[in-house]
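What follows is run_39.tsv (TSV, C-alpha atoms).
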chain	number	residue	atom	x	y	z
W	1	MET	CA	0.00	0.00	0.00
W	2	PHE	CA	2.85	2.36	0.88
W	3	LEU	CA	4.51	1.57	-2.46
W	4	LEU	CA	1.37	2.43	-4.42
W	5	GLU	CA	0.88	5.67	-2.50
W	6	THR	CA	4.45	6.84	-3.12
W	7	LEU	CA	4.37	5.90	-6.79
W	8	THR	CA	1.13	7.80	-7.35
W	9	SER	CA	2.65	10.85	-5.64
W	10	VAL	CA	5.10	11.19	-8.54
W	11	PRO	CA	3.68	12.37	-11.89
W	12	LEU	CA	3.59	9.55	-14.44
W	13	LEU	CA	5.73	11.34	-17.03
W	14	ASN	CA	8.46	11.95	-14.43
W	15	THR	CA	8.58	8.24	-13.67
W	16	ILE	CA	8.47	7.29	-17.35
W	17	TRP	CA	11.44	9.49	-18.18
W	18	PHE	CA	13.43	8.31	-15.19
W	19	VAL	CA	12.86	4.75	-16.38
W	20	LEU	CA	13.80	5.67	-19.95
W	21	ILE	CA	17.05	7.26	-18.79
W	22	ALA	CA	17.76	4.12	-16.76
W	23	VAL	CA	17.12	2.00	-19.86
W	24	LEU	CA	19.57	4.13	-21.86
W	25	TRP	CA	22.27	3.65	-19.23
W	26	ILE	CA	21.52	-0.08	-19.06
W	27	GLY	CA	21.86	-0.32	-22.84
W	28	PHE	CA	25.14	1.59	-22.70
W	29	PHE	CA	26.66	-0.66	-20.04
W	30	PHE	CA	25.43	-3.84	-21.73
W	31	LEU	CA	26.80	-2.87	-25.16
W	32	GLU	CA	29.75	-0.65	-24.32
W	33	GLY	CA	30.67	-2.91	-21.40
W	34	PHE	CA	31.98	-5.66	-23.65
W	35	ASP	CA	33.58	-2.98	-25.88
W	36	PHE	CA	35.53	-1.75	-22.86
W	37	GLY	CA	36.44	-5.32	-21.97
W	38	VAL	CA	37.67	-6.23	-25.45
W	39	ALA	CA	39.93	-3.16	-25.57
W	40	MET	CA	41.36	-3.80	-22.09
W	41	LEU	CA	42.15	-7.37	-23.13
W	42	LEU	CA	44.12	-6.45	-26.28
W	43	PRO	CA	47.58	-7.19	-24.79
W	44	ILE	CA	46.33	-10.30	-22.96
W	45	LEU	CA	44.35	-12.20	-25.60
W	46	GLY	CA	46.16	-10.74	-28.62
W	47	ARG	CA	49.68	-12.19	-28.79
W	48	ASP	CA	50.69	-10.30	-31.93
W	49	ASP	CA	49.51	-7.45	-34.12
W	50	LYS	CA	47.31	-9.65	-36.29
W	51	GLU	CA	45.48	-11.16	-33.33
W	52	ARG	CA	44.93	-7.73	-31.83
W	53	ARG	CA	43.52	-6.64	-35.19
W	54	VAL	CA	41.12	-9.60	-35.01
W	55	MET	CA	39.94	-8.43	-31.60
W	56	VAL	CA	39.46	-4.87	-32.82
W	57	ASN	CA	37.44	-6.24	-35.74
W	58	THR	CA	35.00	-7.93	-33.36
W	59	ILE	CA	33.83	-4.51	-32.16
W	60	GLY	CA	34.93	-2.39	-35.13
W	61	PRO	CA	31.51	-2.06	-36.83
W	62	THR	CA	29.58	-1.27	-33.64
W	63	TRP	CA	31.73	0.41	-30.97
W	64	ASP	CA	30.88	3.98	-32.00
W	65	GLY	CA	27.17	3.16	-32.21
W	66	ASN	CA	27.30	1.74	-28.68
W	67	GLU	CA	28.61	5.07	-27.37
W	68	VAL	CA	25.51	6.79	-28.74
W	69	TRP	CA	23.58	5.28	-25.82
W	70	LEU	CA	25.70	7.38	-23.45
W	71	LEU	CA	25.19	10.55	-25.47
W	72	THR	CA	21.46	9.91	-25.62
W	73	ALA	CA	21.31	9.30	-21.88
W	74	GLY	CA	23.03	12.63	-21.28
W	75	GLY	CA	20.73	14.43	-23.72
W	76	ALA	CA	17.63	12.85	-22.21
W	77	THR	CA	18.75	13.90	-18.73
W	78	PHE	CA	19.32	17.46	-19.93
W	79	ALA	CA	15.85	17.66	-21.51
W	80	ALA	CA	13.78	15.71	-18.97
W	81	PHE	CA	15.56	16.61	-15.72
W	82	PRO	CA	17.56	19.83	-16.26
W	83	GLY	CA	18.09	20.26	-12.53
W	84	TRP	CA	19.64	16.80	-12.29
W	85	TYR	CA	21.82	17.47	-15.33
W	86	ALA	CA	23.00	20.82	-13.94
W	87	SER	CA	23.97	19.30	-10.60
W	88	LEU	CA	25.90	16.41	-12.15
W	89	PHE	CA	27.71	18.32	-14.87
W	90	SER	CA	28.71	21.23	-12.66
W	91	GLY	CA	29.60	19.45	-9.43
W	92	LEU	CA	31.14	16.32	-10.97
W	93	TYR	CA	33.02	18.11	-13.70
W	94	LEU	CA	36.39	16.42	-13.11
W	95	PRO	CA	35.09	12.81	-13.14
W	96	LEU	CA	33.08	13.56	-16.27
W	97	LEU	CA	36.18	15.07	-17.86
W	98	LEU	CA	38.10	11.85	-17.14
W	99	ILE	CA	35.35	9.85	-18.85
W	100	LEU	CA	35.48	12.19	-21.83
W	101	VAL	CA	39.28	11.89	-22.08
W	102	GLY	CA	38.97	8.11	-22.02
W	103	LEU	CA	36.33	8.05	-24.75
W	104	ILE	CA	38.42	10.41	-26.90
W	105	LEU	CA	41.46	8.13	-26.53
W	106	ARG	CA	39.34	5.13	-27.56
W	107	GLY	CA	37.98	6.89	-30.61
W	108	VAL	CA	41.40	8.07	-31.73
W	109	ALA	CA	42.85	4.58	-31.17
W	110	PHE	CA	40.29	2.74	-33.30
W	111	GLU	CA	40.31	5.34	-36.07
W	112	TYR	CA	44.09	5.84	-36.35
W	113	ARG	CA	45.49	2.41	-35.50
W	114	SER	CA	45.46	1.25	-39.12
W	115	LYS	CA	46.91	4.44	-40.62
W	116	SER	CA	50.47	3.09	-40.52
W	117	PRO	CA	52.01	-0.40	-40.77
W	118	ASP	CA	54.66	0.54	-38.20
W	119	LEU	CA	54.36	-1.74	-35.17
W	120	LYS	CA	55.27	1.01	-32.67
W	121	TRP	CA	52.50	3.17	-34.12
W	122	ARG	CA	49.93	0.40	-33.66
W	123	ASN	CA	51.13	-0.49	-30.17
W	124	MET	CA	50.79	3.15	-29.13
W	125	PHE	CA	47.17	3.30	-30.26
W	126	ASP	CA	46.45	-0.08	-28.69
W	127	TRP	CA	47.49	1.45	-25.38
W	128	PHE	CA	45.26	4.43	-26.12
W	129	ALA	CA	42.37	1.97	-26.45
W	130	ILE	CA	43.33	0.17	-23.23
W	131	ILE	CA	43.64	3.35	-21.17
W	132	GLY	CA	40.58	4.84	-22.85
W	133	SER	CA	38.53	1.84	-21.77
W	134	PHE	CA	40.00	1.46	-18.28
W	135	LEU	CA	39.39	5.09	-17.27
W	136	PRO	CA	35.63	5.24	-18.03
W	137	SER	CA	35.09	1.81	-16.47
W	138	LEU	CA	36.76	2.86	-13.23
W	139	VAL	CA	35.20	6.33	-13.03
W	140	LEU	CA	31.69	5.13	-13.91
W	141	GLY	CA	31.94	2.31	-11.38
W	142	VAL	CA	33.00	4.74	-8.65
W	143	GLY	CA	30.34	7.23	-9.75
W	144	PHE	CA	27.41	4.84	-9.73
W	145	ALA	CA	28.49	3.42	-6.39
W	146	ASN	CA	28.33	6.97	-5.03
W	147	PHE	CA	24.81	7.32	-6.48
W	148	VAL	CA	23.89	4.27	-4.39
W	149	ILE	CA	25.37	5.87	-1.27
W	150	GLY	CA	23.84	9.26	-2.05
W	151	LEU	CA	25.64	12.49	-2.94
W	152	ALA	CA	25.49	15.45	-0.57
W	153	ASN	CA	23.80	18.50	-2.03
W	154	ASP	CA	23.05	22.08	-1.08
W	155	ASN	CA	20.63	24.33	-2.94
W	156	LYS	CA	20.11	21.49	-5.47
W	157	LEU	CA	23.85	21.29	-6.29
W	158	TRP	CA	26.45	18.74	-5.23
W	159	ASN	CA	28.61	20.17	-2.46
W	160	GLY	CA	30.85	17.22	-1.67
W	161	ASN	CA	34.62	16.77	-1.89
W	162	PHE	CA	36.21	15.09	-4.92
W	163	PHE	CA	38.44	12.82	-2.83
W	164	GLY	CA	35.44	11.98	-0.67
W	165	LEU	CA	34.03	10.09	-3.65
W	166	PHE	CA	36.61	7.33	-3.20
W	167	GLY	CA	35.27	5.52	-0.16
W	168	PRO	CA	35.50	1.72	0.27
W	169	PHE	CA	32.11	1.00	-1.31
W	170	ALA	CA	32.83	3.38	-4.21
W	171	LEU	CA	36.22	1.79	-4.89
W	172	LEU	CA	34.55	-1.61	-4.78
W	173	GLY	CA	32.17	-0.37	-7.47
W	174	GLY	CA	35.09	0.79	-9.62
W	175	VAL	CA	36.92	-2.52	-9.32
W	176	LEU	CA	33.70	-4.45	-10.00
W	177	PHE	CA	33.00	-2.53	-13.20
W	178	ILE	CA	36.54	-3.14	-14.50
W	179	VAL	CA	36.55	-6.87	-13.75
W	180	LEU	CA	32.93	-7.34	-14.88
W	181	PHE	CA	33.59	-5.63	-18.21
W	182	ILE	CA	36.76	-7.69	-18.71
W	183	VAL	CA	34.77	-10.91	-18.25
W	184	HIS	CA	31.93	-9.55	-20.40
W	185	GLY	CA	34.47	-8.64	-23.09
W	186	ALA	CA	36.22	-12.01	-22.93
W	187	THR	CA	32.87	-13.75	-23.35
W	188	PHE	CA	32.16	-11.58	-26.38
W	189	VAL	CA	35.59	-12.37	-27.88
W	190	GLY	CA	34.88	-16.06	-27.36
W	191	LEU	CA	31.54	-15.62	-29.11
W	192	LYS	CA	32.96	-13.66	-32.06
W	193	THR	CA	36.25	-15.46	-32.79
W	194	ARG	CA	37.54	-18.94	-33.51
W	195	GLY	CA	40.84	-20.70	-32.94
W	196	GLU	CA	43.49	-19.76	-30.39
W	197	ILE	CA	41.97	-16.39	-29.47
W	198	GLN	CA	38.66	-18.07	-28.64
W	199	GLU	CA	40.44	-20.65	-26.47
W	200	ARG	CA	42.35	-17.95	-24.59
W	201	ALA	CA	39.13	-16.01	-24.01
W	202	GLU	CA	37.49	-19.09	-22.48
W	203	GLN	CA	40.53	-19.69	-20.27
W	204	LEU	CA	40.47	-16.09	-19.06
W	205	VAL	CA	36.78	-16.39	-18.16
W	206	ARG	CA	37.60	-19.50	-16.14
W	207	ARG	CA	40.40	-17.71	-14.28
W	208	VAL	CA	38.87	-14.28	-13.73
W	209	GLY	CA	35.15	-14.99	-13.96
W	210	TRP	CA	34.69	-16.31	-10.44
W	211	THR	CA	36.50	-13.25	-9.08
W	212	ALA	CA	33.89	-11.14	-10.87
W	213	VAL	CA	31.13	-13.23	-9.30
W	214	ALA	CA	32.62	-12.71	-5.83
W	215	LEU	CA	32.93	-8.95	-6.39
W	216	MET	CA	29.36	-8.81	-7.69
W	217	ALA	CA	28.07	-10.67	-4.63
W	218	LEU	CA	30.02	-8.39	-2.30
W	219	PHE	CA	28.81	-5.22	-4.04
W	220	VAL	CA	25.11	-6.06	-4.28
W	221	GLY	CA	25.18	-7.62	-0.81
W	222	ALA	CA	26.64	-4.46	0.72
W	223	GLN	CA	24.16	-2.40	-1.26
W	224	GLN	CA	21.18	-4.29	0.11
W	225	ILE	CA	22.48	-4.21	3.69
W	226	PHE	CA	23.76	-0.63	3.94
W	227	HIS	CA	21.96	1.17	1.10
W	228	PRO	CA	18.64	-0.59	0.38
W	229	ALA	CA	16.20	0.76	-2.21
W	230	ARG	CA	14.07	2.59	0.30
W	231	SER	CA	13.20	6.29	0.49
W	232	GLU	CA	10.26	8.67	0.87
W	233	PHE	CA	9.46	7.87	-2.76
W	234	GLY	CA	8.97	4.15	-2.25
W	235	ASP	CA	10.15	0.96	-0.60
W	236	PHE	CA	11.61	-1.29	-3.30
W	237	THR	CA	13.67	-3.48	-0.98
W	238	VAL	CA	12.16	-6.77	-2.13
W	239	VAL	CA	12.65	-5.92	-5.79
W	240	GLY	CA	16.19	-4.79	-5.05
W	241	VAL	CA	17.06	-8.08	-3.36
W	242	LEU	CA	15.57	-10.01	-6.27
W	243	LEU	CA	17.63	-8.06	-8.80
W	244	ALA	CA	20.77	-8.58	-6.69
W	245	VAL	CA	20.23	-12.35	-6.61
W	246	ILE	CA	19.63	-12.47	-10.36
W	247	ALA	CA	22.81	-10.44	-11.00
W	248	VAL	CA	24.98	-12.84	-9.02
W	249	VAL	CA	23.37	-16.08	-10.21
W	250	SER	CA	23.32	-15.07	-13.88
W	251	LEU	CA	26.96	-13.98	-13.78
W	252	GLY	CA	27.94	-17.28	-12.18
W	253	ALA	CA	25.97	-19.17	-14.83
W	254	SER	CA	27.66	-17.08	-17.54
W	255	VAL	CA	31.12	-17.98	-16.26
W	256	TYR	CA	30.19	-21.65	-16.10
W	257	MET	CA	28.68	-21.73	-19.60
W	258	THR	CA	31.56	-19.83	-21.20
W	259	GLY	CA	34.58	-21.02	-19.26
W	260	HIS	CA	33.62	-24.62	-18.57
W	261	ARG	CA	31.13	-25.59	-21.28
W	262	SER	CA	32.33	-23.45	-24.23
W	263	ARG	CA	28.78	-22.18	-24.76
W	264	GLU	CA	29.66	-18.55	-25.44
W	265	GLY	CA	26.21	-17.67	-26.77
W	266	TRP	CA	24.48	-18.59	-23.54
W	267	GLY	CA	27.38	-17.15	-21.57
W	268	PHE	CA	27.02	-13.80	-23.29
W	269	ILE	CA	23.24	-13.68	-22.75
W	270	LEU	CA	23.57	-14.59	-19.08
W	271	GLY	CA	26.42	-12.12	-18.58
W	272	GLY	CA	24.28	-9.44	-20.21
W	273	ILE	CA	21.44	-10.24	-17.82
W	274	SER	CA	23.86	-9.77	-14.93
W	275	VAL	CA	24.91	-6.33	-16.21
W	276	VAL	CA	21.29	-5.33	-16.80
W	277	THR	CA	20.09	-6.36	-13.34
W	278	LEU	CA	23.10	-4.75	-11.62
W	279	ILE	CA	22.44	-1.36	-13.23
W	280	ALA	CA	18.68	-1.73	-12.80
W	281	GLY	CA	19.22	-2.29	-9.08
W	282	ILE	CA	21.35	0.85	-8.85
W	283	PHE	CA	18.69	2.95	-10.59
W	284	LEU	CA	16.03	1.41	-8.37
W	285	ARG	CA	17.99	2.80	-5.42
W	286	MET	CA	18.17	6.18	-7.19
W	287	TYR	CA	14.44	6.40	-7.93
W	288	GLY	CA	12.98	9.61	-6.56
W	289	ASN	CA	16.19	10.91	-4.97
W	290	LEU	CA	18.22	10.77	-8.21
W	291	GLY	CA	21.27	9.55	-6.30
W	292	PHE	CA	21.37	12.49	-3.88
W	293	VAL	CA	20.91	12.63	-0.12
W	294	GLN	CA	17.68	14.40	0.82
W	295	ASP	CA	18.14	16.97	3.59
W	296	THR	CA	14.92	16.83	5.62
W	297	LYS	CA	15.72	20.23	7.16
W	298	VAL	CA	15.28	21.85	3.75
W	299	ALA	CA	11.83	22.63	2.37
W	300	PRO	CA	10.54	19.96	-0.07
W	301	ASP	CA	10.58	22.34	-3.04
W	302	ALA	CA	14.25	23.17	-2.36
W	303	ARG	CA	15.43	19.55	-2.50
W	304	LEU	CA	16.87	17.91	-5.60
W	305	ASN	CA	14.64	15.00	-6.55
W	306	ILE	CA	12.48	13.60	-9.32
W	307	LEU	CA	9.88	16.31	-8.72
W	308	THR	CA	12.00	19.45	-8.40
W	309	ALA	CA	14.58	18.53	-11.07
W	310	ALA	CA	12.07	17.74	-13.82
W	311	ALA	CA	11.20	19.80	-16.88
W	312	SER	CA	7.65	21.02	-17.50
W	313	GLU	CA	4.85	18.61	-18.29
W	314	THR	CA	4.63	20.02	-21.84
W	315	THR	CA	8.31	19.30	-22.46
W	316	LEU	CA	8.02	15.76	-21.13
W	317	THR	CA	4.90	15.14	-23.24
W	318	LEU	CA	6.57	16.29	-26.47
W	319	MET	CA	9.67	14.21	-25.70
W	320	THR	CA	7.51	11.15	-25.11
W	321	TRP	CA	5.84	11.45	-28.53
W	322	PHE	CA	9.19	11.89	-30.31
W	323	THR	CA	10.55	8.86	-28.45
W	324	VAL	CA	7.58	6.69	-29.38
W	325	ILE	CA	8.11	7.56	-33.06
W	326	PHE	CA	11.90	7.43	-33.43
W	327	LEU	CA	13.16	4.98	-30.77
W	328	PRO	CA	11.87	1.83	-32.57
W	329	ILE	CA	13.66	2.98	-35.76
W	330	VAL	CA	16.96	3.44	-33.95
W	331	LEU	CA	16.67	0.09	-32.15
W	332	ALA	CA	15.79	-1.70	-35.40
W	333	TYR	CA	18.82	-0.18	-37.16
W	334	GLN	CA	21.22	-1.16	-34.37
W	335	ALA	CA	19.82	-4.70	-34.21
W	336	TRP	CA	20.23	-4.97	-37.98
W	337	SER	CA	23.87	-3.82	-37.78
W	338	TYR	CA	24.65	-6.54	-35.23
W	339	TRP	CA	22.94	-9.11	-37.43
W	340	VAL	CA	24.97	-8.07	-40.49
W	341	PHE	CA	28.26	-8.37	-38.58
W	342	SER	CA	27.35	-11.48	-36.59
W	343	ARG	CA	29.88	-13.92	-38.07
W	344	ARG	CA	33.01	-15.06	-36.24
W	345	VAL	CA	36.45	-13.77	-37.26
W	346	SER	CA	39.95	-15.24	-36.97
W	347	ARG	CA	43.53	-14.76	-38.17
W	348	LYS	CA	42.50	-16.14	-41.55
W	349	ASN	CA	40.35	-13.06	-42.09
W	350	ILE	CA	43.42	-10.77	-41.86
W	351	PRO	CA	45.49	-11.23	-45.05
W	352	ASP	CA	49.25	-10.73	-44.85
W	353	GLY	CA	50.79	-7.59	-46.28
W	354	ILE	CA	47.66	-5.42	-45.95
W	355	VAL	CA	47.39	-2.50	-43.55
W	356	TYR	CA	44.22	-2.76	-41.38
Please render this file's structure as structure tokens.
Amino acid sequence: MFLLETLTSVPLLNTIWFVLIAVLWIGFFFLEGFDFGVAMLLPILGRDDKERRVMVNTIGPTWDGNEVWLLTAGGATFAAFPGWYASLFSGLYLPLLLILVGLILRGVAFEYRSKSPDLKWRNMFDWFAIIGSFLPSLVLGVGFANFVIGLANDNKLWNGNFFGLFGPFALLGGVLFIVLFIVHGATFVGLKTRGEIQERAEQLVRRVGWTAVALMALFVGAQQIFHPARSEFGDFTVVGVLLAVIAVVSLGASVYMTGHRSREGWGFILGGISVVTLIAGIFLRMYGNLGFVQDTKVAPDARLNILTAAASETTLTLMTWFTVIFLPIVLAYQAWSYWVFSRRVSRKNIPDGIVY
């Protein structure tokens, strides 16, 4: 009864757009997560330049499209919740800058790697890709862990300390995101390649996968104990626990199917479910409060939440109609692109003497 009362206290369009923004972030982490993992694994799974080129080819047709989910999430936040956007992009400027630097390095690496046959040139841009994938993974993991804890705010703006963002739970989130994306990426490499690279990817999942499961269990367990999905906007504790269990179990099943049964298809699906439920649980905790601590001493209209940070009802209505029309087209196009480039690749697909 309490849940229904709190949900009905929030305008429907506000809830819809919060959910849509969560879906955009979930899509980004599901798709870009294995992109990050593949890039971070270049020096580990790729023993020479040709094998690293094979790995780059697994994500080459889609990596830039996957990043669009992040851009769309930022744009949707700006349009639907300008107060939320202003607080994040002004207060957390340095972390966001680090993410941007990482994404720029990735883009430069993938676009310029093949411009010269010189091995030093290619190795340099491979390291650009590695660093450009490691940085966003770490910063986003720390950031979303802080959203679970709750960011301090004053006059609807974040007023915390940058170094205060790196508490034990936040660092756990950063490490989890790195290891989780590495396992997610290795599973994708196993799914998209054949031969020695595929075998190495499966071995890596066997070695690192159970560490990812343990980190996942520790993170979601600590979240449910110390930061449950409960606020003045609703008590979602039961749903949060359910999502946490699914995240751990599905990741464990993914490691087993990929690393021990060589069933990369099922492993990738189950690993994706783990990523989806992890991020969904984080956004469930953020519902209403938008990842900020609510100061009860401040008047309700002066707090930063899903009510005070939202755009006007007219704006949200127009955005909803545009989304209903254009979102299916975008999703259909991206699904088609993955279908077109769905075949496995190997060393045999990289002819000798050709610059790629």
TODO: Can you pull out every residue within 12 Å of Leu12 (chain W), counting only C-alpha atoms, but drop anything in the same chain fewer than 2 positions away, and send it as number ranges by chain?
DONE: W: 6-10, 14-19, 306-307, 310, 313, 316-317, 320
Go ahead and dump the residues you just picked, C-alpha atoms, as a CSV table (one decimal), in the frame of the given file.
chain,number,residue,atom,x,y,z
W,6,THR,CA,4.4,6.8,-3.1
W,7,LEU,CA,4.4,5.9,-6.8
W,8,THR,CA,1.1,7.8,-7.4
W,9,SER,CA,2.6,10.8,-5.6
W,10,VAL,CA,5.1,11.2,-8.5
W,14,ASN,CA,8.5,12.0,-14.4
W,15,THR,CA,8.6,8.2,-13.7
W,16,ILE,CA,8.5,7.3,-17.4
W,17,TRP,CA,11.4,9.5,-18.2
W,18,PHE,CA,13.4,8.3,-15.2
W,19,VAL,CA,12.9,4.8,-16.4
W,306,ILE,CA,12.5,13.6,-9.3
W,307,LEU,CA,9.9,16.3,-8.7
W,310,ALA,CA,12.1,17.7,-13.8
W,313,GLU,CA,4.8,18.6,-18.3
W,316,LEU,CA,8.0,15.8,-21.1
W,317,THR,CA,4.9,15.1,-23.2
W,320,THR,CA,7.5,11.2,-25.1
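Between CA of Asp295 (chain W) and CA of Phe177 (chain W) lies a distance of 29.7 Å.
Closest approach to Val275 (chain W) among W:Val23, W:Ala170, W:Ala332, W:Ala299 is made by W:Val23 (distances from all atoms listed in the file).
Atom to atom, CA of Ser262 (chain W) and CA of Gly190 (chain W) stand 8.4 Å apart.
CA of Phe89 (chain W) to CA of Gly75 (chain W) spans 11.9 Å [interatomic distance, one decimal].
With all atoms listed in the file as the atoms that count, the residue of W:Phe162, W:Phe81, W:Ile269, W:Ile149 with the shortest distance to Leu13 (chain W) is W:Phe81.
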- [ ] Please identify all polymer residues within 7 Å of region 216-231 of chain W, counting all atoms listed in the file, omitting same-chain residues fewer than 3 positions from it, and present them as a ChimeraX atom specification.
- [x] /W:148-149,172-173,176,212-213,234-237,240-241,244,248,284-285
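Here the question is which of W:Phe30, W:Ile178, W:Ser114, W:Leu157 gets nearest to Ala302 (chain W) using all atoms listed in the file, and that residue is W:Leu157.
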- [ ] May I ask which of the residues W:Gly160, W:Gly195, W:Pro328, W:Gly141 is the closest one to Val175 (chain W), counting all atoms listed in the file?
- [x] W:Gly141
- [ ] Tell me, as JSON, numbers by chain, which residues lie within 9 Å of Arg200 (chain W), counting only C-alpha atoms; anything in the same chain fewer than 3 positions away does not count.
- [x] {"W": [44, 45, 186, 190, 195, 196, 197, 203, 204, 205]}
- [ ] With a distance cut-off of 9 Å and all atoms listed in the file, select the neighbouring residues of Trp127 (chain W), excluding the residue or stretch itself and same-chain residues fewer than 6 positions from it, and output the selection as a PyMOL selection string.
- [x] chain W and resi 39-40+42-43+109
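Those residues that approach Trp63 (chain W) to within 10 Å, counting all atoms listed in the file, are W:Leu31, W:Glu32, W:Phe34, W:Asp35, W:Phe36, W:Val56, W:Asn57, W:Thr58, W:Val68, W:Arg106, W:Gly107, W:Phe110; same-chain residues fewer than 5 positions away are not listed.
Taking all atoms listed in the file into account, Phe78 (chain W) lies nearest to W:Ile21 out of the set W:Ile21, W:Ala201, W:Ile131, W:Ile325.
Using only C-alpha atoms, every residue with an atom at most 10 Å from the point (23.1, 19.1, -0.2) is listed here: W:Leu151, W:Ala152, W:Asn153, W:Asp154, W:Asn155, W:Lys156, W:Leu157, W:Trp158, W:Asn159, W:Gly160, W:Phe292, W:Val293, W:Gln294, W:Asp295, W:Val298, W:Ala302, W:Arg303, W:Leu304.
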Open item on the list: Within 8 Å of (33.8, -11.4, -25.6) (file coordinates; all atoms listed in the file), which protein or nucleic acid residues are there? I'd like them as a PyMOL selection string.
Closed with: chain W and resi 34+37-38+183-192+201+268
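Shortest atom-to-atom contact with Val239 (chain W) among W:Ser87, W:Thr258, W:Thr315, W:Thr277: W:Thr277, counting all atoms listed in the file.
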